[in-house]
Amino acid sequence: MPRRHRVPVCLMGLTNLSYGLYGGVVAFAVPQLLGHRGVPEAAIAGLTAVTFSPGFWAFLLSPILDVRFSRRWYAAALGVVASVTLVVAFLNLEHLGLLETVLTAGFFAAYLYQSAIGGWLSSITTAEEEKSVSVWMTIGNVGGFGVMAIGCNQLVRHLSPMAVALVLGAFVLLPMIPFPFMQAPGPDRRLARESFPQFFGDLVSLVKRREVLVAIILFAAPSATFSLTNFLGGRGDDFHASPGFVGLVGGVGVAAGGIAGCLVFPALSRRMPLRPLYITVGIVGALCTLGLILLPRAPASYAIILITENLFQSLAITTSIAITFETIGRDNPLASTTFCFISSAYGVPISYMLYVDAFGFDRAGITGSLAIDAITGILASVLLGVMLLWLARRSKALTV
């Protein structure tokens, strides 16, 4: 049982703010700055896609987080790397090749930072605290994104390039202040001393665990993805929304809606098991998406759609983190590896659903995107619900 914390649970969860801040820079701030410099849209999209690519392959190196040093040590080191790459990136905005390389390395560090944090917090919090930790980790992610979406351009307008780079680098480091005051169990020394064949044998056993497989299937399916949050970011013109309005909604509005979704989670999780809750969020959110088709194509409608989609997406992400913590369990020597491996699955449908949403847009505009996203989500959620029901009945039959 973890000892009494010297740091409130909310501050421990908000250490994930560093990841959110870096994600906000990559997704919003850098594309906007490059656009102002006249960089072609295709080049910006390609750079952004490559920079976010560690979300798919970083798990291959995540086992290092569970050996040799404590997860606090890894989180601190990775946070510093992310901060330094951000400084270098903002001093080289005109060199696209170097910018892409540095930001990709930085996002890789930030992604593993989040996994180190997830594994670390799973080892120092109780089962009762995990849901609260999930809420605050997601608030850190969403809030960091919103801060950078709005604040970065303001900094660029009023400060020199060097000052901007240093301020942004410092922002990434600030959430790490509680680290010295948080418990930091060491790694499993048994794993650190084992031969590589035995070590990777443990990883194979991890992947074969039914709880892990179920979590991966849940998150890899497009049941509660709400990828429209990404797709609609560049569709403000379809709602006659000005760039300033789009930026405001993408920053303040999205962050507020996302945080609201996080705060709804504790009440819902007390009334329903996590996995059925995740599917329910997918179905209810998809039905809301269908209802949004009726809105007129006006700026206010753009705000309502984007905020609503972000509310449900944040609720789904919070639920997914809680499921991940539950899957990791207590005293898991591969806690960070498990966290990274399962979290990577959630990013898969966010990527491929962008193509599905684009297909719907090509056929029927915004209405087509909303319709195909919602219908896909409902079908996937129903199938996953059938799978969970079958597993529950099978497990009950085996225990009789």
# chains A, B, ... in the order shown; residues from 1 in each chain; ligands from 1
>>> closest_atom_pairs(of="region 107-163 of chain A", to="region 31-54 of chain A", cutoff="9 Å", atoms="only C-alpha atoms", output="JSON lines")
{"residue": "A:Phe107", "atom": "CA", "partner": "A:Thr51", "partner_atom": "CA", "distance": 6.7}
{"residue": "A:Phe108", "atom": "CA", "partner": "A:Pro54", "partner_atom": "CA", "distance": 5.2}
{"residue": "A:Ala109", "atom": "CA", "partner": "A:Pro54", "partner_atom": "CA", "distance": 8.9}
{"residue": "A:Tyr111", "atom": "CA", "partner": "A:Pro54", "partner_atom": "CA", "distance": 7.3}
{"residue": "A:Asn153", "atom": "CA", "partner": "A:Leu33", "partner_atom": "CA", "distance": 7.6}
{"residue": "A:Val156", "atom": "CA", "partner": "A:Leu33", "partner_atom": "CA", "distance": 8.8}
>>> residues_around(residues="region 236-246 of chain A", least_positions_apart="6", cutoff="9 Å", atoms="only C-alpha atoms", output="list in words")
Pro296, Arg297, Ala298, Pro299, Ala300, Ser301, Tyr302, Ala303, Gly365 and Ile366 of chain A
>>> write_last_selection(atoms="N, CA, C and O atoms", output="PDB file, in the first residue's frame")
ATOM      1  N   PRO A 296     -26.998  24.999 -38.179  1.00  0.00           N
ATOM      2  CA  PRO A 296     -26.670  25.777 -39.387  1.00  0.00           C
ATOM      3  C   PRO A 296     -25.164  25.955 -39.515  1.00  0.00           C
ATOM      4  O   PRO A 296     -24.426  25.842 -38.527  1.00  0.00           O
ATOM      5  N   ARG A 297     -24.691  26.235 -40.709  1.00  0.00           N
ATOM      6  CA  ARG A 297     -23.259  26.423 -40.936  1.00  0.00           C
ATOM      7  C   ARG A 297     -22.882  27.863 -40.591  1.00  0.00           C
ATOM      8  O   ARG A 297     -22.725  28.721 -41.455  1.00  0.00           O
ATOM      9  N   ALA A 298     -22.758  28.116 -39.297  1.00  0.00           N
ATOM     10  CA  ALA A 298     -22.448  29.445 -38.781  1.00  0.00           C
ATOM     11  C   ALA A 298     -21.303  29.333 -37.772  1.00  0.00           C
ATOM     12  O   ALA A 298     -21.042  28.245 -37.247  1.00  0.00           O
ATOM     13  N   PRO A 299     -20.600  30.439 -37.489  1.00  0.00           N
ATOM     14  CA  PRO A 299     -19.479  30.381 -36.539  1.00  0.00           C
ATOM     15  C   PRO A 299     -19.857  29.792 -35.183  1.00  0.00           C
ATOM     16  O   PRO A 299     -19.094  29.014 -34.608  1.00  0.00           O
ATOM     17  N   ALA A 300     -21.049  30.147 -34.679  1.00  0.00           N
ATOM     18  CA  ALA A 300     -21.469  29.618 -33.378  1.00  0.00           C
ATOM     19  C   ALA A 300     -21.605  28.095 -33.431  1.00  0.00           C
ATOM     20  O   ALA A 300     -21.271  27.398 -32.467  1.00  0.00           O
ATOM     21  N   SER A 301     -22.071  27.577 -34.560  1.00  0.00           N
ATOM     22  CA  SER A 301     -22.209  26.130 -34.723  1.00  0.00           C
ATOM     23  C   SER A 301     -20.830  25.463 -34.719  1.00  0.00           C
ATOM     24  O   SER A 301     -20.663  24.377 -34.158  1.00  0.00           O
ATOM     25  N   TYR A 302     -19.862  26.121 -35.354  1.00  0.00           N
ATOM     26  CA  TYR A 302     -18.503  25.585 -35.364  1.00  0.00           C
ATOM     27  C   TYR A 302     -17.991  25.433 -33.929  1.00  0.00           C
ATOM     28  O   TYR A 302     -17.402  24.401 -33.560  1.00  0.00           O
ATOM     29  N   ALA A 303     -18.227  26.455 -33.118  1.00  0.00           N
ATOM     30  CA  ALA A 303     -17.786  26.414 -31.719  1.00  0.00           C
ATOM     31  C   ALA A 303     -18.491  25.292 -30.967  1.00  0.00           C
ATOM     32  O   ALA A 303     -17.856  24.535 -30.219  1.00  0.00           O
ATOM     33  N   GLY A 365     -19.658  16.950 -47.689  1.00  0.00           N
ATOM     34  CA  GLY A 365     -19.228  18.090 -46.894  1.00  0.00           C
ATOM     35  C   GLY A 365     -19.199  17.785 -45.401  1.00  0.00           C
ATOM     36  O   GLY A 365     -18.977  16.648 -44.980  1.00  0.00           O
ATOM     37  N   ILE A 366     -19.441  18.824 -44.602  1.00  0.00           N
ATOM     38  CA  ILE A 366     -19.418  18.674 -43.142  1.00  0.00           C
ATOM     39  C   ILE A 366     -20.455  17.659 -42.675  1.00  0.00           C
ATOM     40  O   ILE A 366     -20.204  16.859 -41.763  1.00  0.00           O
TER      41      ILE A 366
END
>>> atom_distance(atom1="CA of Ala82 (chain A)", atom2="CA of Val7 (chain A)")
23.8 Å
>>> residues_around(residues="region 332-345 of chain A", least_positions_apart="6", cutoff="7 Å", atoms="only C-alpha atoms", output="mmCIF file with all heavy atoms, in the first residue's frame")
data_model
loop_
_atom_site.group_PDB
_atom_site.id
_atom_site.type_symbol
_atom_site.label_atom_id
_atom_site.label_comp_id
_atom_site.auth_asym_id
_atom_site.auth_seq_id
_atom_site.Cartn_x
_atom_site.Cartn_y
_atom_site.Cartn_z
ATOM 1 N N GLY A 55 4.023 8.588 -31.464
ATOM 2 C CA GLY A 55 2.851 8.033 -30.800
ATOM 3 C C GLY A 55 2.539 6.615 -31.239
ATOM 4 O O GLY A 55 1.838 5.889 -30.536
ATOM 5 N N PHE A 56 3.080 6.193 -32.402
ATOM 6 C CA PHE A 56 2.847 4.841 -32.910
ATOM 7 C C PHE A 56 3.988 3.882 -32.579
ATOM 8 O O PHE A 56 3.750 2.692 -32.401
ATOM 9 C CB PHE A 56 2.651 4.881 -34.429
ATOM 10 C CG PHE A 56 1.469 5.685 -34.860
ATOM 11 C CD1 PHE A 56 1.638 6.962 -35.369
ATOM 12 C CD2 PHE A 56 0.189 5.187 -34.741
ATOM 13 C CE1 PHE A 56 0.554 7.712 -35.763
ATOM 14 C CE2 PHE A 56 -0.903 5.932 -35.128
ATOM 15 C CZ PHE A 56 -0.723 7.204 -35.643
ATOM 16 N N PHE A 59 6.436 2.976 -28.152
ATOM 17 C CA PHE A 59 6.287 1.860 -27.217
ATOM 18 C C PHE A 59 7.380 0.806 -27.395
ATOM 19 O O PHE A 59 7.669 0.041 -26.468
ATOM 20 C CB PHE A 59 4.901 1.217 -27.371
ATOM 21 C CG PHE A 59 4.727 0.396 -28.623
ATOM 22 C CD1 PHE A 59 5.024 -0.956 -28.619
ATOM 23 C CD2 PHE A 59 4.258 0.971 -29.792
ATOM 24 C CE1 PHE A 59 4.861 -1.727 -29.763
ATOM 25 C CE2 PHE A 59 4.098 0.222 -30.938
ATOM 26 C CZ PHE A 59 4.404 -1.138 -30.925
ATOM 27 N N SER A 62 9.813 1.681 -24.876
ATOM 28 C CA SER A 62 9.299 1.971 -23.532
ATOM 29 C C SER A 62 9.806 1.032 -22.441
ATOM 30 O O SER A 62 9.855 1.442 -21.270
ATOM 31 C CB SER A 62 7.765 1.947 -23.541
ATOM 32 O OG SER A 62 7.266 0.674 -23.906
ATOM 33 N N PRO A 63 10.217 -0.229 -22.733
ATOM 34 C CA PRO A 63 10.699 -1.093 -21.640
ATOM 35 C C PRO A 63 11.874 -0.523 -20.867
ATOM 36 O O PRO A 63 12.076 -0.872 -19.704
ATOM 37 C CB PRO A 63 11.102 -2.385 -22.381
ATOM 38 C CG PRO A 63 10.209 -2.418 -23.571
ATOM 39 C CD PRO A 63 10.089 -0.987 -24.000
ATOM 40 N N LEU A 65 12.053 2.212 -19.563
ATOM 41 C CA LEU A 65 11.541 3.020 -18.456
ATOM 42 C C LEU A 65 11.368 2.215 -17.178
ATOM 43 O O LEU A 65 11.205 2.805 -16.103
ATOM 44 C CB LEU A 65 10.201 3.651 -18.848
ATOM 45 C CG LEU A 65 10.190 4.544 -20.091
ATOM 46 C CD1 LEU A 65 8.766 4.997 -20.401
ATOM 47 C CD2 LEU A 65 11.095 5.748 -19.888
ATOM 48 N N ASP A 66 11.369 0.903 -17.288
ATOM 49 C CA ASP A 66 11.115 0.055 -16.116
ATOM 50 C C ASP A 66 12.376 -0.618 -15.578
ATOM 51 O O ASP A 66 12.283 -1.478 -14.699
ATOM 52 C CB ASP A 66 10.076 -1.015 -16.471
ATOM 53 C CG ASP A 66 8.694 -0.426 -16.705
ATOM 54 O OD1 ASP A 66 8.249 0.371 -15.854
ATOM 55 O OD2 ASP A 66 8.074 -0.745 -17.734
ATOM 56 N N SER A 115 4.572 8.272 -20.391
ATOM 57 C CA SER A 115 4.539 6.860 -20.006
ATOM 58 C C SER A 115 5.280 6.637 -18.694
ATOM 59 O O SER A 115 4.850 5.834 -17.853
ATOM 60 C CB SER A 115 5.159 6.006 -21.113
ATOM 61 O OG SER A 115 4.431 6.145 -22.310
ATOM 62 N N ALA A 116 6.400 7.343 -18.515
ATOM 63 C CA ALA A 116 7.126 7.244 -17.250
ATOM 64 C C ALA A 116 6.265 7.755 -16.104
ATOM 65 O O ALA A 116 6.213 7.158 -15.019
ATOM 66 C CB ALA A 116 8.437 8.027 -17.335
ATOM 67 N N GLY A 118 2.931 7.855 -16.073
ATOM 68 C CA GLY A 118 1.839 6.906 -15.862
ATOM 69 C C GLY A 118 2.271 5.699 -15.054
ATOM 70 O O GLY A 118 1.578 5.282 -14.112
ATOM 71 N N GLY A 119 3.425 5.114 -15.409
ATOM 72 C CA GLY A 119 3.928 3.975 -14.643
ATOM 73 C C GLY A 119 4.298 4.349 -13.227
ATOM 74 O O GLY A 119 4.043 3.589 -12.280
ATOM 75 N N ASP A 188 12.481 -2.547 -10.850
ATOM 76 C CA ASP A 188 12.603 -3.946 -10.454
ATOM 77 C C ASP A 188 14.017 -4.426 -10.788
ATOM 78 O O ASP A 188 14.356 -4.662 -11.941
ATOM 79 C CB ASP A 188 11.569 -4.786 -11.208
ATOM 80 C CG ASP A 188 11.475 -6.197 -10.663
ATOM 81 O OD1 ASP A 188 12.527 -6.845 -10.551
ATOM 82 O OD2 ASP A 188 10.355 -6.641 -10.354
ATOM 83 N N ALA A 215 -8.028 -4.241 -23.521
ATOM 84 C CA ALA A 215 -7.812 -2.790 -23.529
ATOM 85 C C ALA A 215 -7.340 -2.317 -24.898
ATOM 86 O O ALA A 215 -7.794 -1.282 -25.410
ATOM 87 C CB ALA A 215 -6.797 -2.409 -22.451
ATOM 88 N N ILE A 216 -6.434 -3.069 -25.515
ATOM 89 C CA ILE A 216 -5.919 -2.680 -26.825
ATOM 90 C C ILE A 216 -7.026 -2.712 -27.876
ATOM 91 O O ILE A 216 -7.137 -1.807 -28.716
ATOM 92 C CB ILE A 216 -4.755 -3.613 -27.234
ATOM 93 C CG1 ILE A 216 -3.544 -3.353 -26.334
ATOM 94 C CG2 ILE A 216 -4.382 -3.406 -28.701
ATOM 95 C CD1 ILE A 216 -2.423 -4.333 -26.527
ATOM 96 N N PHE A 219 -9.345 0.312 -27.445
ATOM 97 C CA PHE A 219 -8.806 1.606 -27.849
ATOM 98 C C PHE A 219 -8.463 1.673 -29.333
ATOM 99 O O PHE A 219 -8.470 2.751 -29.930
ATOM 100 C CB PHE A 219 -7.568 1.943 -27.010
ATOM 101 C CG PHE A 219 -7.838 1.979 -25.528
ATOM 102 C CD1 PHE A 219 -6.831 1.710 -24.613
ATOM 103 C CD2 PHE A 219 -9.101 2.269 -25.041
ATOM 104 C CE1 PHE A 219 -7.080 1.749 -23.247
ATOM 105 C CE2 PHE A 219 -9.365 2.300 -23.687
ATOM 106 C CZ PHE A 219 -8.351 2.037 -22.785
ATOM 107 N N ALA A 220 -8.128 0.533 -29.948
ATOM 108 C CA ALA A 220 -7.781 0.538 -31.369
ATOM 109 C C ALA A 220 -9.021 0.621 -32.253
ATOM 110 O O ALA A 220 -8.931 1.028 -33.415
ATOM 111 C CB ALA A 220 -6.967 -0.709 -31.719
ATOM 112 N N THR A 324 -6.391 1.884 -18.209
ATOM 113 C CA THR A 324 -4.971 1.519 -18.276
ATOM 114 C C THR A 324 -4.403 1.302 -16.877
ATOM 115 O O THR A 324 -3.679 0.329 -16.629
ATOM 116 C CB THR A 324 -4.175 2.613 -19.009
ATOM 117 O OG1 THR A 324 -4.720 2.797 -20.315
ATOM 118 C CG2 THR A 324 -2.710 2.220 -19.127
#
>>> closest_residue(among="A:Ala76, A:Ala89, A:Val30, A:Met176", to="Met12 (chain A)", atoms="only C-alpha atoms")
A:Met176
>>> select_by_dssp(residues="region 52-187 of chain A", states="helix (DSSP H, G or I)", output="ChimeraX atom specification")
/A:52,54-66,71-90,96-124,130-158,161-176,179-181
>>> write_last_selection(atoms="C-alpha atoms", output="compact mmCIF listing (two decimals), in the first residue's frame")
# COMPACT_ATOMS: atom_id res chain seq x y z
CA PHE A 52 3.51 13.01 -34.07
CA PRO A 54 6.38 8.58 -32.08
CA GLY A 55 2.85 8.03 -30.80
CA PHE A 56 2.85 4.84 -32.91
CA TRP A 57 6.36 3.47 -32.37
CA ALA A 58 7.64 4.90 -29.08
CA PHE A 59 6.29 1.86 -27.22
CA LEU A 60 9.06 -0.22 -28.82
CA LEU A 61 11.57 1.56 -26.56
CA SER A 62 9.30 1.97 -23.53
CA PRO A 63 10.70 -1.09 -21.64
CA ILE A 64 13.78 0.94 -20.77
CA LEU A 65 11.54 3.02 -18.46
CA ASP A 66 11.12 0.06 -16.12
CA ARG A 71 10.77 6.28 -13.16
CA ARG A 72 11.26 9.70 -11.53
CA TRP A 73 14.78 9.76 -12.98
CA TYR A 74 13.50 8.86 -16.45
CA ALA A 75 10.64 11.40 -16.28
CA ALA A 76 13.00 14.19 -15.24
CA ALA A 77 15.57 13.32 -17.93
CA LEU A 78 12.93 13.06 -20.67
CA GLY A 79 11.31 16.33 -19.57
CA VAL A 80 14.65 18.11 -19.84
CA VAL A 81 15.21 16.62 -23.32
CA ALA A 82 11.76 17.79 -24.43
CA SER A 83 12.45 21.28 -23.06
CA VAL A 84 15.81 21.57 -24.82
CA THR A 85 14.40 20.40 -28.17
CA LEU A 86 11.67 23.03 -27.92
CA VAL A 87 14.28 25.75 -27.43
CA VAL A 88 16.29 24.51 -30.41
CA ALA A 89 13.16 24.19 -32.56
CA PHE A 90 12.02 27.77 -32.01
CA LEU A 96 12.33 22.85 -41.93
CA GLY A 97 14.51 19.72 -42.05
CA LEU A 98 16.18 20.47 -38.73
CA LEU A 99 12.87 21.64 -37.25
CA GLU A 100 11.17 18.35 -38.15
CA THR A 101 14.01 16.27 -36.72
CA VAL A 102 14.22 18.22 -33.46
CA LEU A 103 10.47 18.31 -32.87
CA THR A 104 10.15 14.58 -33.61
CA ALA A 105 12.90 13.83 -31.08
CA GLY A 106 11.20 16.16 -28.62
CA PHE A 107 7.76 14.62 -29.02
CA PHE A 108 9.34 11.18 -28.66
CA ALA A 109 10.81 12.33 -25.34
CA ALA A 110 7.49 13.90 -24.29
CA TYR A 111 5.57 10.72 -25.15
CA LEU A 112 7.92 8.55 -23.11
CA TYR A 113 7.75 11.19 -20.37
CA GLN A 114 3.99 10.63 -20.15
CA SER A 115 4.54 6.86 -20.01
CA ALA A 116 7.13 7.24 -17.25
CA ILE A 117 4.65 9.42 -15.34
CA GLY A 118 1.84 6.91 -15.86
CA GLY A 119 3.93 3.98 -14.64
CA TRP A 120 5.30 6.00 -11.74
CA LEU A 121 1.88 7.19 -10.53
CA SER A 122 0.43 3.68 -10.80
CA SER A 123 3.07 2.53 -8.30
CA ILE A 124 2.52 5.28 -5.68
CA GLU A 130 -6.40 6.13 -9.76
CA LYS A 131 -9.60 7.65 -11.14
CA SER A 132 -8.68 11.04 -9.73
CA VAL A 133 -5.18 10.72 -11.18
CA SER A 134 -6.74 9.89 -14.57
CA VAL A 135 -8.81 13.07 -14.44
CA TRP A 136 -5.86 15.32 -13.61
CA MET A 137 -3.55 13.69 -16.15
CA THR A 138 -6.12 14.37 -18.88
CA ILE A 139 -6.67 17.94 -17.64
CA GLY A 140 -2.92 18.43 -17.90
CA ASN A 141 -2.97 17.13 -21.46
CA VAL A 142 -5.98 19.19 -22.58
CA GLY A 143 -5.03 22.29 -20.59
CA GLY A 144 -1.46 22.27 -21.90
CA PHE A 145 -2.74 22.04 -25.46
CA GLY A 146 -5.03 25.03 -24.90
CA VAL A 147 -2.33 27.13 -23.25
CA MET A 148 0.05 26.65 -26.15
CA ALA A 149 -2.67 27.09 -28.77
CA ILE A 150 -3.34 30.60 -27.46
CA GLY A 151 -0.23 31.70 -25.61
CA CYS A 152 2.48 30.79 -28.08
CA ASN A 153 1.45 33.30 -30.73
CA GLN A 154 1.14 36.00 -28.08
CA LEU A 155 4.69 35.32 -26.94
CA VAL A 156 5.97 35.49 -30.52
CA ARG A 157 4.34 38.89 -31.00
CA HIS A 158 5.88 40.49 -27.92
CA PRO A 161 12.98 34.65 -30.77
CA MET A 162 15.51 33.73 -28.06
CA ALA A 163 13.17 34.87 -25.27
CA VAL A 164 10.27 32.91 -26.78
CA ALA A 165 12.38 29.76 -27.03
CA LEU A 166 13.59 30.04 -23.42
CA VAL A 167 10.11 30.80 -22.03
CA LEU A 168 8.58 27.83 -23.83
CA GLY A 169 11.37 25.55 -22.64
CA ALA A 170 10.79 26.74 -19.08
CA PHE A 171 7.04 26.11 -19.40
CA VAL A 172 7.70 22.44 -20.15
CA LEU A 173 9.87 22.14 -17.04
CA LEU A 174 7.48 23.84 -14.59
CA PRO A 175 5.09 20.86 -14.10
CA MET A 176 8.08 18.82 -12.88
CA PHE A 179 9.04 15.54 -8.53
CA PRO A 180 11.40 15.80 -5.52
CA PHE A 181 8.46 15.57 -3.12
>>> residues_around(residues="region 273-281 of chain A", least_positions_apart="3", cutoff="6 Å", atoms="only C-alpha atoms", output="CSV table (one decimal) with all heavy atoms, in the first residue's frame")
chain,number,residue,atom,x,y,z
A,284,VAL,N,-23.1,7.5,-26.8
A,284,VAL,CA,-23.8,8.8,-26.5
A,284,VAL,C,-23.1,9.9,-27.3
A,284,VAL,O,-23.8,10.8,-27.9
A,284,VAL,CB,-23.8,9.1,-25.0
A,284,VAL,CG1,-24.3,10.4,-24.7
A,284,VAL,CG2,-24.5,8.0,-24.2
A,285,GLY,N,-21.8,9.9,-27.3
A,285,GLY,CA,-21.1,10.9,-28.1
A,285,GLY,C,-21.4,10.9,-29.5
A,285,GLY,O,-21.6,11.9,-30.2
A,381,SER,N,-18.9,0.6,-31.3
A,381,SER,CA,-19.3,0.5,-29.8
A,381,SER,C,-20.2,-0.7,-29.6
A,381,SER,O,-20.1,-1.4,-28.6
A,381,SER,CB,-19.9,1.8,-29.4
A,381,SER,OG,-19.0,2.9,-29.5
>>> residues_around(residues="Thr318 (chain A)", least_positions_apart="2", cutoff="7 Å", atoms="only C-alpha atoms", output="NGL selection string")
:A and (134-135 or 138 or 262 or 314-316 or 320-322)
>>> write_last_selection(atoms="N, CA, C and O atoms", output="PDB file, in the first residue's frame")
ATOM      1  N   SER A 134      -6.370   9.902 -13.146  1.00  0.00           N
ATOM      2  CA  SER A 134      -6.739   9.886 -14.567  1.00  0.00           C
ATOM      3  C   SER A 134      -7.331  11.223 -14.992  1.00  0.00           C
ATOM      4  O   SER A 134      -7.028  11.742 -16.079  1.00  0.00           O
ATOM      5  N   VAL A 135      -8.184  11.778 -14.137  1.00  0.00           N
ATOM      6  CA  VAL A 135      -8.809  13.074 -14.435  1.00  0.00           C
ATOM      7  C   VAL A 135      -7.747  14.155 -14.577  1.00  0.00           C
ATOM      8  O   VAL A 135      -7.718  14.906 -15.563  1.00  0.00           O
ATOM      9  N   THR A 138      -5.460  13.921 -17.658  1.00  0.00           N
ATOM     10  CA  THR A 138      -6.121  14.374 -18.879  1.00  0.00           C
ATOM     11  C   THR A 138      -6.289  15.885 -18.878  1.00  0.00           C
ATOM     12  O   THR A 138      -6.135  16.544 -19.922  1.00  0.00           O
ATOM     13  N   CYS A 262     -13.488  16.001 -18.498  1.00  0.00           N
ATOM     14  CA  CYS A 262     -12.704  15.313 -17.465  1.00  0.00           C
ATOM     15  C   CYS A 262     -13.431  15.318 -16.127  1.00  0.00           C
ATOM     16  O   CYS A 262     -13.456  14.310 -15.408  1.00  0.00           O
ATOM     17  N   SER A 314     -12.307  14.101 -24.353  1.00  0.00           N
ATOM     18  CA  SER A 314     -11.599  14.180 -23.074  1.00  0.00           C
ATOM     19  C   SER A 314     -12.170  13.189 -22.070  1.00  0.00           C
ATOM     20  O   SER A 314     -11.421  12.571 -21.298  1.00  0.00           O
ATOM     21  N   LEU A 315     -13.488  13.029 -22.073  1.00  0.00           N
ATOM     22  CA  LEU A 315     -14.118  12.038 -21.199  1.00  0.00           C
ATOM     23  C   LEU A 315     -13.655  10.631 -21.577  1.00  0.00           C
ATOM     24  O   LEU A 315     -13.350   9.806 -20.699  1.00  0.00           O
ATOM     25  N   ALA A 316     -13.553  10.361 -22.882  1.00  0.00           N
ATOM     26  CA  ALA A 316     -13.087   9.048 -23.342  1.00  0.00           C
ATOM     27  C   ALA A 316     -11.618   8.825 -22.974  1.00  0.00           C
ATOM     28  O   ALA A 316     -11.231   7.730 -22.547  1.00  0.00           O
ATOM     29  N   SER A 320     -10.056   6.007 -20.635  1.00  0.00           N
ATOM     30  CA  SER A 320      -9.022   5.099 -21.140  1.00  0.00           C
ATOM     31  C   SER A 320      -7.817   5.056 -20.201  1.00  0.00           C
ATOM     32  O   SER A 320      -7.228   3.998 -19.992  1.00  0.00           O
ATOM     33  N   ILE A 321      -7.445   6.207 -19.633  1.00  0.00           N
ATOM     34  CA  ILE A 321      -6.322   6.219 -18.682  1.00  0.00           C
ATOM     35  C   ILE A 321      -6.684   5.432 -17.429  1.00  0.00           C
ATOM     36  O   ILE A 321      -5.855   4.675 -16.892  1.00  0.00           O
ATOM     37  N   ALA A 322      -7.925   5.587 -16.960  1.00  0.00           N
ATOM     38  CA  ALA A 322      -8.363   4.828 -15.786  1.00  0.00           C
ATOM     39  C   ALA A 322      -8.346   3.327 -16.073  1.00  0.00           C
ATOM     40  O   ALA A 322      -7.945   2.522 -15.220  1.00  0.00           O
TER      41      ALA A 322
END
